[in-house]
Structures are given as C-alpha cells and as structure tokens.
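Data block for upload_38.pdb (PDB, C-alpha atoms and all ligand atoms):
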```pdb
ATOM      1  CA  MET A   1       3.010  29.404  -7.594
ATOM      2  CA  ASN A   2       3.314  25.858  -8.858
ATOM      3  CA  LEU A   3       4.574  23.119  -6.534
ATOM      4  CA  PRO A   4       3.197  19.843  -5.191
ATOM      5  CA  ILE A   5       0.377  20.227  -2.702
ATOM      6  CA  SER A   6      -1.420  17.714  -0.528
ATOM      7  CA  PHE A   7      -4.537  17.826   1.635
ATOM      8  CA  GLU A   8      -5.213  16.226   4.993
ATOM      9  CA  PHE A   9      -8.639  15.077   6.180
ATOM     10  CA  PHE A  10      -9.913  13.379   9.295
ATOM     11  CA  PRO A  11     -12.385  10.470   9.149
ATOM     12  CA  PRO A  12     -15.939  11.775   9.536
ATOM     13  CA  LYS A  13     -17.977  10.479  12.472
ATOM     14  CA  THR A  14     -21.448  10.669  10.922
ATOM     15  CA  PRO A  15     -23.047   9.936   7.510
ATOM     16  CA  GLU A  16     -23.669  13.703   7.153
ATOM     17  CA  GLY A  17     -19.982  14.365   7.837
ATOM     18  CA  ALA A  18     -19.036  11.768   5.231
ATOM     19  CA  ASP A  19     -21.302  13.439   2.642
ATOM     20  CA  LYS A  20     -19.850  16.842   3.459
ATOM     21  CA  LEU A  21     -16.306  15.506   3.132
ATOM     22  CA  ARG A  22     -17.108  14.061  -0.310
ATOM     23  CA  VAL A  23     -18.152  17.538  -1.451
ATOM     24  CA  THR A  24     -15.017  19.067   0.144
ATOM     25  CA  ARG A  25     -12.772  16.554  -1.611
ATOM     26  CA  GLN A  26     -14.332  17.201  -5.008
ATOM     27  CA  ALA A  27     -13.784  20.947  -4.565
ATOM     28  CA  LEU A  28     -10.155  20.419  -3.570
ATOM     29  CA  TYR A  29      -9.400  17.868  -6.296
ATOM     30  CA  ALA A  30      -9.670  20.768  -8.744
ATOM     31  CA  HIS A  31      -6.199  21.759  -7.487
ATOM     32  CA  LYS A  32      -4.777  18.354  -8.463
ATOM     33  CA  PRO A  33      -3.148  17.377  -5.173
ATOM     34  CA  GLU A  34      -0.181  15.036  -5.231
ATOM     35  CA  PHE A  35      -2.015  13.016  -2.566
ATOM     36  CA  CYS A  36      -4.709  13.306   0.093
ATOM     37  CA  SER A  37      -4.086  11.913   3.556
ATOM     38  CA  VAL A  38      -6.462  10.683   6.256
ATOM     39  CA  THR A  39      -5.662  10.837   9.957
ATOM     40  CA  PHE A  40      -5.724   7.833  12.271
ATOM     41  CA  GLY A  41      -7.154   8.011  15.799
ATOM     42  CA  ALA A  42      -5.178   7.200  18.906
ATOM     43  CA  GLY A  43      -4.746   3.487  19.484
ATOM     44  CA  GLY A  44      -6.414   2.761  16.116
ATOM     45  CA  SER A  45      -9.717   4.166  17.423
ATOM     46  CA  THR A  46     -10.766   5.473  14.009
ATOM     47  CA  GLN A  47      -9.387   2.582  12.005
ATOM     48  CA  SER A  48     -12.541   1.691  10.067
ATOM     49  CA  GLY A  49     -13.325   5.368   9.378
ATOM     50  CA  THR A  50      -9.748   6.019   8.319
ATOM     51  CA  PHE A  51      -9.532   3.005   6.033
ATOM     52  CA  GLY A  52     -13.023   3.694   4.639
ATOM     53  CA  THR A  53     -12.133   7.282   3.770
ATOM     54  CA  VAL A  54      -8.810   6.176   2.272
ATOM     55  CA  LYS A  55     -10.701   3.681   0.094
ATOM     56  CA  GLU A  56     -13.108   6.368  -1.123
ATOM     57  CA  ILE A  57     -10.189   8.598  -2.106
ATOM     58  CA  LEU A  58      -8.511   5.749  -4.012
ATOM     59  CA  ASP A  59     -11.824   4.978  -5.740
ATOM     60  CA  GLU A  60     -12.009   8.640  -6.776
ATOM     61  CA  GLY A  61      -8.713   8.128  -8.631
ATOM     62  CA  VAL A  62      -6.545  10.133  -6.214
ATOM     63  CA  ILE A  63      -3.432   8.922  -4.366
ATOM     64  CA  ALA A  64      -4.370   8.343  -0.727
ATOM     65  CA  ALA A  65      -1.915   8.417   2.162
ATOM     66  CA  CYS A  66      -3.060   6.599   5.267
ATOM     67  CA  HIS A  67      -1.860   7.953   8.621
ATOM     68  CA  PHE A  68      -0.865   5.084  10.842
ATOM     69  CA  SER A  69      -0.047   5.453  14.528
ATOM     70  CA  CYS A  70       1.629   2.680  16.531
ATOM     71  CA  ILE A  71       1.235   3.622  20.194
ATOM     72  CA  GLY A  72      -0.446   0.771  22.056
ATOM     73  CA  ALA A  73      -0.238  -1.530  19.008
ATOM     74  CA  THR A  74       1.360  -4.941  18.725
ATOM     75  CA  LYS A  75       3.400  -6.314  15.844
ATOM     76  CA  VAL A  76       0.601  -8.748  15.059
ATOM     77  CA  THR A  77      -2.045  -6.020  14.691
ATOM     78  CA  VAL A  78       0.257  -3.729  12.726
ATOM     79  CA  ARG A  79       1.167  -6.602  10.386
ATOM     80  CA  GLN A  80      -2.545  -7.285   9.792
ATOM     81  CA  GLN A  81      -3.327  -3.611   9.165
ATOM     82  CA  LEU A  82      -0.427  -3.267   6.732
ATOM     83  CA  ALA A  83      -1.700  -6.317   4.831
ATOM     84  CA  THR A  84      -5.183  -4.781   4.673
ATOM     85  CA  LEU A  85      -3.795  -1.495   3.368
ATOM     86  CA  ARG A  86      -1.674  -3.244   0.744
ATOM     87  CA  ALA A  87      -4.680  -5.245  -0.425
ATOM     88  CA  MET A  88      -6.611  -1.967  -0.762
ATOM     89  CA  GLY A  89      -3.873  -0.595  -3.017
ATOM     90  CA  VAL A  90      -2.476   1.926  -0.520
ATOM     91  CA  LYS A  91       1.145   2.827  -1.299
ATOM     92  CA  HIS A  92       1.630   5.881   0.875
ATOM     93  CA  LEU A  93       1.713   6.009   4.689
ATOM     94  CA  VAL A  94       2.246   8.727   7.283
ATOM     95  CA  ALA A  95       3.944   6.731  10.060
ATOM     96  CA  LEU A  96       3.425   8.127  13.553
ATOM     97  CA  ARG A  97       3.772   7.252  17.176
ATOM     98  CA  GLY A  98       0.456   8.942  18.009
ATOM     99  CA  ASP A  99      -0.825   9.850  21.460
ATOM    100  CA  LEU A 100      -2.975   7.696  23.702
ATOM    101  CA  PRO A 101      -5.739   9.527  25.559
ATOM    102  CA  SER A 102      -5.041   9.804  29.280
ATOM    103  CA  GLY A 103      -6.252   6.722  31.109
ATOM    104  CA  TYR A 104      -4.868   4.293  28.529
ATOM    105  CA  GLY A 105      -1.844   2.308  29.663
ATOM    106  CA  VAL A 106       1.249   2.766  27.510
ATOM    107  CA  GLY A 107       1.613  -0.953  26.598
ATOM    108  CA  GLY A 108       2.201  -2.039  23.047
ATOM    109  CA  GLU A 109       5.335  -3.115  21.240
ATOM    110  CA  PHE A 110       6.232   0.217  19.649
ATOM    111  CA  HIS A 111       7.618   3.162  21.579
ATOM    112  CA  TYR A 112       8.436   5.678  18.880
ATOM    113  CA  ALA A 113       7.571   6.353  15.259
ATOM    114  CA  SER A 114      11.090   5.206  14.326
ATOM    115  CA  ASP A 115      10.175   1.698  15.619
ATOM    116  CA  LEU A 116       7.144   1.708  13.321
ATOM    117  CA  VAL A 117       9.119   2.912  10.295
ATOM    118  CA  ALA A 118      11.759   0.208  10.852
ATOM    119  CA  PHE A 119       9.042  -2.441  11.257
ATOM    120  CA  ILE A 120       7.229  -1.386   8.067
ATOM    121  CA  ARG A 121      10.486  -1.581   6.129
ATOM    122  CA  GLU A 122      11.365  -4.989   7.627
ATOM    123  CA  GLU A 123       7.942  -6.381   6.861
ATOM    124  CA  THR A 124       7.096  -4.796   3.536
ATOM    125  CA  GLY A 125      10.361  -3.594   1.978
ATOM    126  CA  ASP A 126       9.666  -0.715  -0.398
ATOM    127  CA  ALA A 127       5.945  -1.383  -0.769
ATOM    128  CA  PHE A 128       5.097   1.944   0.901
ATOM    129  CA  HIS A 129       6.286   5.507   0.527
ATOM    130  CA  ILE A 130       6.661   6.548   4.176
ATOM    131  CA  GLU A 131       6.163  10.079   5.486
ATOM    132  CA  VAL A 132       7.034  10.989   9.074
ATOM    133  CA  ALA A 133       6.153  13.988  11.240
ATOM    134  CA  ALA A 134       8.593  16.862  11.762
ATOM    135  CA  TYR A 135       8.459  19.533  14.459
ATOM    136  CA  PRO A 136      10.121  22.853  13.594
ATOM    137  CA  GLU A 137       9.007  24.217  16.989
ATOM    138  CA  VAL A 138      10.031  21.007  18.821
ATOM    139  CA  HIS A 139       7.663  18.219  19.878
ATOM    140  CA  PRO A 140       6.082  19.070  23.270
ATOM    141  CA  GLN A 141       7.392  15.910  24.975
ATOM    142  CA  ALA A 142      10.960  16.168  23.665
ATOM    143  CA  LYS A 143      13.754  16.334  26.233
ATOM    144  CA  SER A 144      15.405  19.127  24.224
ATOM    145  CA  ALA A 145      15.394  20.614  20.737
ATOM    146  CA  ASP A 146      18.516  18.637  19.891
ATOM    147  CA  ALA A 147      17.040  15.365  21.215
ATOM    148  CA  ASP A 148      13.981  15.962  19.037
ATOM    149  CA  LEU A 149      16.150  16.624  15.983
ATOM    150  CA  GLN A 150      18.050  13.390  16.647
ATOM    151  CA  ALA A 151      14.722  11.551  17.022
ATOM    152  CA  PHE A 152      13.679  12.939  13.636
ATOM    153  CA  ALA A 153      16.982  11.766  12.123
ATOM    154  CA  THR A 154      16.411   8.285  13.589
ATOM    155  CA  LYS A 155      13.019   8.087  11.857
ATOM    156  CA  VAL A 156      14.530   9.118   8.553
ATOM    157  CA  ARG A 157      17.437   6.679   8.873
ATOM    158  CA  ALA A 158      14.956   3.919   9.737
ATOM    159  CA  GLY A 159      13.598   4.319   6.218
ATOM    160  CA  ALA A 160      11.267   7.328   5.909
ATOM    161  CA  ASN A 161      11.116   8.849   2.427
ATOM    162  CA  SER A 162       9.878  12.314   3.323
ATOM    163  CA  SER A 163       8.344  14.379   6.110
ATOM    164  CA  ILE A 164       5.509  16.770   6.848
ATOM    165  CA  THR A 165       5.768  19.358   9.597
ATOM    166  CA  GLN A 166       3.467  20.201  12.427
ATOM    167  CA  TYR A 167       1.855  23.522  11.539
ATOM    168  CA  PHE A 168       3.605  26.711  12.503
ATOM    169  CA  PHE A 169       3.184  30.446  11.945
ATOM    170  CA  ASN A 170       6.847  31.356  12.335
ATOM    171  CA  ALA A 171       8.699  30.569   9.103
ATOM    172  CA  ASP A 172      12.104  31.046  10.760
ATOM    173  CA  ALA A 173      11.512  27.969  12.921
ATOM    174  CA  TYR A 174      10.925  25.968   9.740
ATOM    175  CA  PHE A 175      14.000  27.347   7.938
ATOM    176  CA  ARG A 176      16.200  26.672  10.993
ATOM    177  CA  PHE A 177      14.850  23.127  11.275
ATOM    178  CA  VAL A 178      15.595  22.389   7.615
ATOM    179  CA  ASP A 179      19.130  23.801   8.024
ATOM    180  CA  ASP A 180      19.676  21.557  11.049
ATOM    181  CA  VAL A 181      18.382  18.519   9.161
ATOM    182  CA  ARG A 182      20.767  19.238   6.274
ATOM    183  CA  LYS A 183      23.687  19.642   8.702
ATOM    184  CA  LEU A 184      23.019  16.070   9.805
ATOM    185  CA  GLY A 185      23.535  15.012   6.181
ATOM    186  CA  LEU A 186      19.869  14.164   5.584
ATOM    187  CA  ASP A 187      18.402  15.189   2.243
ATOM    188  CA  VAL A 188      14.848  14.153   3.152
ATOM    189  CA  SER A 189      12.187  16.592   1.985
ATOM    190  CA  VAL A 190      10.524  18.591   4.763
ATOM    191  CA  VAL A 191       7.119  19.736   3.550
ATOM    192  CA  PRO A 192       5.551  22.500   5.642
ATOM    193  CA  GLY A 193       2.171  21.628   7.121
ATOM    194  CA  ILE A 194      -0.133  24.639   6.881
ATOM    195  CA  MET A 195      -3.173  25.218   9.076
ATOM    196  CA  PRO A 196      -5.661  27.710   7.625
ATOM    197  CA  ILE A 197      -7.094  29.893  10.402
ATOM    198  CA  THR A 198     -10.874  29.722  10.415
ATOM    199  CA  SER A 199     -11.749  29.621  14.099
ATOM    200  CA  SER A 200      -9.984  31.270  16.981
ATOM    201  CA  THR A 201     -11.024  28.875  19.772
ATOM    202  CA  GLN A 202     -10.295  25.752  17.717
ATOM    203  CA  LEU A 203      -6.850  27.029  16.776
ATOM    204  CA  MET A 204      -5.971  27.910  20.396
ATOM    205  CA  ARG A 205      -7.139  24.477  21.583
ATOM    206  CA  PHE A 206      -5.147  22.558  18.948
ATOM    207  CA  SER A 207      -2.059  24.672  19.370
ATOM    208  CA  ASP A 208      -2.006  24.256  23.136
ATOM    209  CA  ALA A 209      -2.328  20.480  22.703
ATOM    210  CA  CYS A 210       0.310  20.002  20.012
ATOM    211  CA  GLY A 211       2.821  22.646  21.072
ATOM    212  CA  ALA A 212       2.483  24.805  17.935
ATOM    213  CA  GLU A 213       3.163  28.389  18.908
ATOM    214  CA  ILE A 214       0.698  31.097  17.992
ATOM    215  CA  PRO A 215       2.767  34.288  17.946
ATOM    216  CA  ARG A 216       1.573  36.864  20.464
ATOM    217  CA  TRP A 217       0.500  39.345  17.800
ATOM    218  CA  ILE A 218      -1.688  36.727  16.094
ATOM    219  CA  ARG A 219      -3.152  35.453  19.381
ATOM    220  CA  LEU A 220      -4.030  38.953  20.587
ATOM    221  CA  ARG A 221      -5.621  39.970  17.331
ATOM    222  CA  LEU A 222      -7.684  36.792  17.193
ATOM    223  CA  GLN A 223      -8.804  37.356  20.791
ATOM    224  CA  GLY A 224      -9.699  40.928  19.882
ATOM    225  CA  PHE A 225     -12.113  39.744  17.179
ATOM    226  CA  GLY A 226     -14.214  37.895  19.783
ATOM    227  CA  ASP A 227     -17.118  36.144  17.998
ATOM    228  CA  ASP A 228     -16.669  38.110  14.781
ATOM    229  CA  THR A 229     -15.993  35.075  12.567
ATOM    230  CA  ALA A 230     -15.843  37.130   9.358
ATOM    231  CA  SER A 231     -12.935  39.177  10.741
ATOM    232  CA  ILE A 232     -11.194  36.029  12.070
ATOM    233  CA  LYS A 233     -11.429  34.375   8.658
ATOM    234  CA  SER A 234     -10.309  37.478   6.793
ATOM    235  CA  PHE A 235      -7.318  38.005   9.109
ATOM    236  CA  GLY A 236      -6.514  34.270   8.981
ATOM    237  CA  LEU A 237      -6.447  34.300   5.186
ATOM    238  CA  ASP A 238      -4.071  37.280   5.163
ATOM    239  CA  VAL A 239      -1.695  35.703   7.704
ATOM    240  CA  VAL A 240      -1.636  32.214   6.216
ATOM    241  CA  THR A 241      -1.371  33.385   2.606
ATOM    242  CA  ALA A 242       1.614  35.576   3.559
ATOM    243  CA  LEU A 243       3.238  32.598   5.311
ATOM    244  CA  CYS A 244       2.728  30.346   2.259
ATOM    245  CA  ASP A 245       4.055  33.080  -0.009
ATOM    246  CA  GLN A 246       7.198  33.388   2.108
ATOM    247  CA  LEU A 247       7.704  29.611   2.126
ATOM    248  CA  CYS A 248       7.129  29.258  -1.612
ATOM    249  CA  THR A 249       9.529  32.104  -2.388
ATOM    250  CA  ALA A 250      12.146  30.292  -0.289
ATOM    251  CA  GLY A 251      11.679  27.170  -2.410
ATOM    252  CA  VAL A 252       9.861  24.690  -0.165
ATOM    253  CA  PRO A 253       9.358  21.235  -1.766
ATOM    254  CA  GLY A 254       5.566  21.367  -1.399
ATOM    255  CA  ILE A 255       2.752  22.397   0.921
ATOM    256  CA  HIS A 256       0.531  20.109   2.976
ATOM    257  CA  PHE A 257      -2.770  21.679   4.055
ATOM    258  CA  TYR A 258      -4.528  20.675   7.259
ATOM    259  CA  THR A 259      -7.938  21.233   5.696
ATOM    260  CA  MET A 260     -10.046  20.314   8.763
ATOM    261  CA  ASN A 261     -12.419  18.813   6.165
ATOM    262  CA  GLN A 262     -13.243  22.294   4.817
ATOM    263  CA  ALA A 263     -12.470  23.474   1.286
ATOM    264  CA  ALA A 264     -13.132  27.215   1.445
ATOM    265  CA  ALA A 265     -10.085  28.559   3.291
ATOM    266  CA  THR A 266      -7.557  26.322   1.480
ATOM    267  CA  THR A 267      -9.137  27.179  -1.866
ATOM    268  CA  GLU A 268      -8.997  30.911  -1.149
ATOM    269  CA  ILE A 269      -5.341  30.694  -0.032
ATOM    270  CA  LEU A 270      -4.457  28.860  -3.255
ATOM    271  CA  ARG A 271      -6.372  31.460  -5.293
ATOM    272  CA  ARG A 272      -4.493  34.304  -3.615
ATOM    273  CA  LEU A 273      -1.191  32.500  -4.256
ATOM    274  CA  GLN A 274      -2.225  32.215  -7.934
ATOM    275  CA  TYR A 275      -1.646  28.493  -7.615
ATOM    276  CA  LYS A 276      -1.517  26.673 -10.952
ATOM    277  CA  ALA A 277      -2.209  22.949 -10.702
TER
HETATM  278  P1  LIG A 301       7.924  10.314  17.541
HETATM  279  O1  LIG A 301       8.701  10.700  16.346
HETATM  280  O2  LIG A 301       8.064   8.921  18.036
HETATM  281  O3  LIG A 301       8.314  11.342  18.709
HETATM  282  C1  LIG A 301       7.529  11.403  19.876
HETATM  283  C2  LIG A 301       8.365  11.992  21.011
HETATM  284  O4  LIG A 301       9.349  11.034  21.415
HETATM  285  C3  LIG A 301       9.144  13.249  20.637
HETATM  286  O5  LIG A 301       9.167  14.078  21.767
HETATM  287  C4  LIG A 301      10.549  12.727  20.330
HETATM  288  O6  LIG A 301      11.543  13.713  20.552
HETATM  289  C5  LIG A 301      10.656  11.579  21.306
HETATM  290  N1  LIG A 301      11.502  10.480  20.831
HETATM  291  C6  LIG A 301      11.477   9.875  19.636
HETATM  292  N2  LIG A 301      12.384   8.871  19.584
HETATM  293  C7  LIG A 301      12.991   8.845  20.797
HETATM  294  C8  LIG A 301      13.995   8.025  21.386
HETATM  295  N3  LIG A 301      14.568   7.032  20.695
HETATM  296  N4  LIG A 301      14.363   8.281  22.665
HETATM  297  C9  LIG A 301      13.790   9.278  23.373
HETATM  298  N5  LIG A 301      12.819  10.086  22.868
HETATM  299  C10 LIG A 301      12.435   9.869  21.592
HETATM  300  N6  LIG A 301      -1.631  11.923  15.651
HETATM  301  C11 LIG A 301      -2.579  10.961  15.544
HETATM  302  O7  LIG A 301      -2.998  10.407  16.568
HETATM  303  N7  LIG A 301      -3.115  10.619  14.333
HETATM  304  C12 LIG A 301      -2.681  11.174  13.177
HETATM  305  O8  LIG A 301      -3.165  10.824  12.104
HETATM  306  C13 LIG A 301      -1.663  12.170  13.243
HETATM  307  N8  LIG A 301      -1.159  12.750  12.122
HETATM  308  C14 LIG A 301      -0.123  13.635  12.221
HETATM  309  C15 LIG A 301       0.421  14.155  11.032
HETATM  310  C16 LIG A 301       1.476  15.070  11.092
HETATM  311  C17 LIG A 301       2.061  15.597   9.802
HETATM  312  C18 LIG A 301       1.977  15.491  12.358
HETATM  313  C19 LIG A 301       3.077  16.512  12.416
HETATM  314  C20 LIG A 301       1.432  14.976  13.521
HETATM  315  C21 LIG A 301       0.397  14.031  13.481
HETATM  316  N9  LIG A 301      -0.149  13.463  14.628
HETATM  317  C22 LIG A 301      -1.146  12.520  14.531
HETATM  318  C23 LIG A 301       0.336  13.863  15.947
HETATM  319  C24 LIG A 301       1.415  12.898  16.481
HETATM  320  O9  LIG A 301       0.889  11.604  16.624
HETATM  321  C25 LIG A 301       1.888  13.436  17.827
HETATM  322  O10 LIG A 301       2.592  14.629  17.657
HETATM  323  C26 LIG A 301       2.668  12.429  18.663
HETATM  324  O11 LIG A 301       2.826  12.990  19.982
HETATM  325  C27 LIG A 301       4.084  12.162  18.169
HETATM  326  O12 LIG A 301       4.078  11.373  17.068
HETATM  327  P2  LIG A 301       5.455  11.204  16.220
HETATM  328  O13 LIG A 301       5.184  10.228  15.166
HETATM  329  O14 LIG A 301       5.981  12.519  15.831
HETATM  330  O15 LIG A 301       6.371  10.561  17.372
END
```
Go through the file and emit its structure as structure tokens.
Ligand code: FAD
Amino acid sequence: MNLPISFEFFPPKTPEGADKLRVTRQALYAHKPEFCSVTFGAGGSTQSGTFGTVKEILDEGVIAACHFSCIGATKVTVRQQLATLRAMGVKHLVALRGDLPSGYGVGGEFHYASDLVAFIREETGDAFHIEVAAYPEVHPQAKSADADLQAFATKVRAGANSSITQYFFNADAYFRFVDDVRKLGLDVSVVPGIMPITSSTQLMRFSDACGAEIPRWIRLRLQGFGDDTASIKSFGLDVVTALCDQLCTAGVPGIHFYTMNQAAATTEILRRLQYKA
C-alpha cells in the first residue's frame, strides 16, 4: 500500500501529555505523513493548545493542518485567528462548525461550516487549503441523509478543497457517500477517517456522541472481551486493518488516522498493510 496518509492529534492538557505527544509524533513521522492535524475545542476552548501544537509540528518540518471551529465565534475573532495562523505559516485548515457544550448559548455569527469556509475564502483568498468534514453515516443533527449531503455540497461549493470523513466501520456507507457526491458533480476528494480500536468504552462513548455506528457484531464482541485489553486491541487491529485494506483496494485518495495521540495501533495497522512511505 502506498497512498497519502495523515494523522490527527488533540492538544495535550498537561506538560506530561505534551511530552508524550512529541514522542508519538516522532514515531509516526517515520511514515512520512502528508500532514498532521490538530483538533480545536468547542468555542475555541483549546485555542492556545491547538495553536501551540500546530507550531511544534511546523517547527518539526511537517505540514500542520489546524482544525478551526466557528460555532459561537464572531467575524472579528475569526479574522484575528486567521491572521495569527497565517503569521505562523499555517497553510492548511480543517474548517468546522463544531459543537458547543450544553449550557452555552448558540450566539455567534456563523451557523454552519459552509459560512466559515465562505468567510475564509472572502478574507484570505487561496491562502489556505481547506478541508471540511464528511459524514458517510449522516451527521447526527441532520434533518435527513439528503439534507446532510446537500449541506456537504454547500461546504464544497463555498470553497473547500477536500474532505475527511467521520470514522466508520461500514465501508459501504463510505462508498455510497462518495457515489452520491459524484452524482452531484463534485470531484472533491473524500478521505476516509479511520479510528483504530484500542479501548472498548472510549469507542462506545465517542461513537454514541458523534453518530458513528459500531456494527452489532463488533459491539458485541468488544463487550464480550470485558476488561481484557489485549483481546480488544488484537481484535481492533484485525477489524481496522481489514477495513483499510478494503478501502485501499477500492482506490481511496488517502487515509486520515484519528490517532488519539497514540502511535502503536496506527503503526501496527500500517505495518500490516505493508505501507511504504
Ligand atoms: P456542518 O457542516 O455545519 O453541519 C452541521 C449540521 O448542520 C449537519 O447536521 C448538517 O446537515 C447541518 N447543516 C449544514 N448546513 C446547513 C444548512 N444550510 N441548513 C440546515 N442544516 C445545515 N469538532 C470540534 O469541536 N473540533 C474539531 O477539531 C473537530 N474536528 C473534526 C474533524 C473531522 C474530520 C470531523 C468529521 C469532525 C470533527 N469535529 C470536530 C466534529 C464536528 O465539529 C461536529 O461533527 C459538528 O457537529 C459538525 O461540524 P461540521 O463542520 O461538520 O458542521
């Protein structure tokens, strides 16, 4: 296997977490990622951690993509943040609506990611390569699958260059989504986002929150392993490697790994895929 890969990290909360992430990044750089991205907390809550981690990646000589969510933001703050990112040398963004934690008012001047993409283009022209999020299994708040597809098309037409999917374990949902995107006349690349399975409870929690379906057979097997982490990891590697293999055979444009700031599972999946950087 030989195709572009990228790795996603979240900003660490502690100095120990930052040290651990530096080690993780060095291990993963061996695979020569096209870029590494850093997530952005709701309402800009992780901004300094996100920008700090992005800066470290750039300083390590790797292309960094900064996630950027707009919910609750104003045009003034977004303009300032874009200027900061440009001054840092960032050329790659993942433009998102984001989710505000319950209790926050909606507020802000942006309603959807498409508003953010349009604003970035208006303000900065082609200064940034813009990725947007795609949902092969439909975003949990969408009115319908078709409405969600149209919302995706709006983001692309607003000026997105490419997209990364929410993670999924059912490749057919991804293939169907790409077919639907092509039927709308969009040739945007749709890179599958892949979540290595390393913990059963964490995966269930994330999947419930983001609407990613864990097929019944995977859920039941994971539940059956209980606290046996070795069996969970071994099963997870088998399942996720097979998924990547299927996607690569079908000719996906790349793979984006949700690393959860860990190198081991992603590295082992790439080894099993005989990935050549
Ligand atoms: P949008 O594309 O705006 O869609 C949100 C919802 O609104 C969808 O249901 C859509 O169907 C609907 N919608 C869109 N436009 C319209 C319209 N015009 N009219 C009516 N309905 C509409 N979250 C973070 O907080 N930080 C991150 O760093 C982060 N990174 C992510 C990276 C990837 C690759 C992915 C897939 C998700 C990421 N998320 C992140 C999660 C994301 O913020 C949530 O899924 C959020 O709920 C939606 O963001 P979006 O950009 O997809 O929103």
* To do: For the structure provided, state which residues fall under the PyMOL selection byres (((not hetatm)) within 8 of (chain A and resi 301)), and present them as a ChimeraX atom specification.
  => /A:10,38-43,67-69,94-100,111-115,132-135,138-145,147-152,154-155,163-167,193,210
Mind writing the picked residues with C-alpha atoms as a short mmCIF file (atom, residue, chain, number, x, y, z; two decimals), in the frame of the given file?
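The result, stored in part_1.cif:
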```
data_model
loop_
_atom_site.label_atom_id
_atom_site.label_comp_id
_atom_site.auth_asym_id
_atom_site.auth_seq_id
_atom_site.Cartn_x
_atom_site.Cartn_y
_atom_site.Cartn_z
CA PHE A 10 -9.91 13.38 9.30
CA VAL A 38 -6.46 10.68 6.26
CA THR A 39 -5.66 10.84 9.96
CA PHE A 40 -5.72 7.83 12.27
CA GLY A 41 -7.15 8.01 15.80
CA ALA A 42 -5.18 7.20 18.91
CA GLY A 43 -4.75 3.49 19.48
CA HIS A 67 -1.86 7.95 8.62
CA PHE A 68 -0.86 5.08 10.84
CA SER A 69 -0.05 5.45 14.53
CA VAL A 94 2.25 8.73 7.28
CA ALA A 95 3.94 6.73 10.06
CA LEU A 96 3.42 8.13 13.55
CA ARG A 97 3.77 7.25 17.18
CA GLY A 98 0.46 8.94 18.01
CA ASP A 99 -0.82 9.85 21.46
CA LEU A 100 -2.98 7.70 23.70
CA HIS A 111 7.62 3.16 21.58
CA TYR A 112 8.44 5.68 18.88
CA ALA A 113 7.57 6.35 15.26
CA SER A 114 11.09 5.21 14.33
CA ASP A 115 10.18 1.70 15.62
CA VAL A 132 7.03 10.99 9.07
CA ALA A 133 6.15 13.99 11.24
CA ALA A 134 8.59 16.86 11.76
CA TYR A 135 8.46 19.53 14.46
CA VAL A 138 10.03 21.01 18.82
CA HIS A 139 7.66 18.22 19.88
CA PRO A 140 6.08 19.07 23.27
CA GLN A 141 7.39 15.91 24.98
CA ALA A 142 10.96 16.17 23.66
CA LYS A 143 13.75 16.33 26.23
CA SER A 144 15.40 19.13 24.22
CA ALA A 145 15.39 20.61 20.74
CA ALA A 147 17.04 15.36 21.22
CA ASP A 148 13.98 15.96 19.04
CA LEU A 149 16.15 16.62 15.98
CA GLN A 150 18.05 13.39 16.65
CA ALA A 151 14.72 11.55 17.02
CA PHE A 152 13.68 12.94 13.64
CA THR A 154 16.41 8.28 13.59
CA LYS A 155 13.02 8.09 11.86
CA SER A 163 8.34 14.38 6.11
CA ILE A 164 5.51 16.77 6.85
CA THR A 165 5.77 19.36 9.60
CA GLN A 166 3.47 20.20 12.43
CA TYR A 167 1.86 23.52 11.54
CA GLY A 193 2.17 21.63 7.12
CA CYS A 210 0.31 20.00 20.01
#
```
* Could you tell me, as a ChimeraX atom specification, which residues have any atom at most 12 Å from (-3.6, 33.0, -6.2), counting all atoms listed in the file? -> /A:1-2,31,237,241-242,244-245,266-277
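The residue that comes closest to A:Tyr258, out of A:Ser45, A:Thr198, A:Thr74, A:Gln223 and on the basis of all atoms listed in the file, is A:Thr198.
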* To do: Please provide the set of residues having any atom within 12 Å of A:Ala230, restricted to all atoms listed in the file, with same-chain residues fewer than 4 positions apart removed, written as a ChimeraX atom specification.
  => /A:197-200,222,225-226,234-237,265
* Structure fact -> As a check of understanding: the span from atom CA of A:Phe169 to atom CA of A:Val188 is 21.9 Å
* **Residues near A:Thr84, cut-off 12 Å, only C-alpha atoms, skip fewer than 4 positions along chain, as a list of chain:residue names** =>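 Close residues of A:Thr84: A:Gln47, A:Ser48, A:Phe51, A:Gly52, A:Val54, A:Lys55, A:Cys66, A:Thr77, A:Val78, A:Arg79, A:Gln80, A:Met88, A:Gly89, A:Val90, A:Lys91.
Considering the residues A:His129, A:Lys13, A:His92, A:Arg121 and counting all atoms listed in the file, A:Val62 has its shortest atom-to-atom contact with A:His92.
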* Asked: How many Å lie between atom CA of A:Ile232 and atom CA of A:Val252, rounded to one decimal?
  ->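 Going from atom CA of A:Ile232 over to atom CA of A:Val252, I get 26.9 Å.
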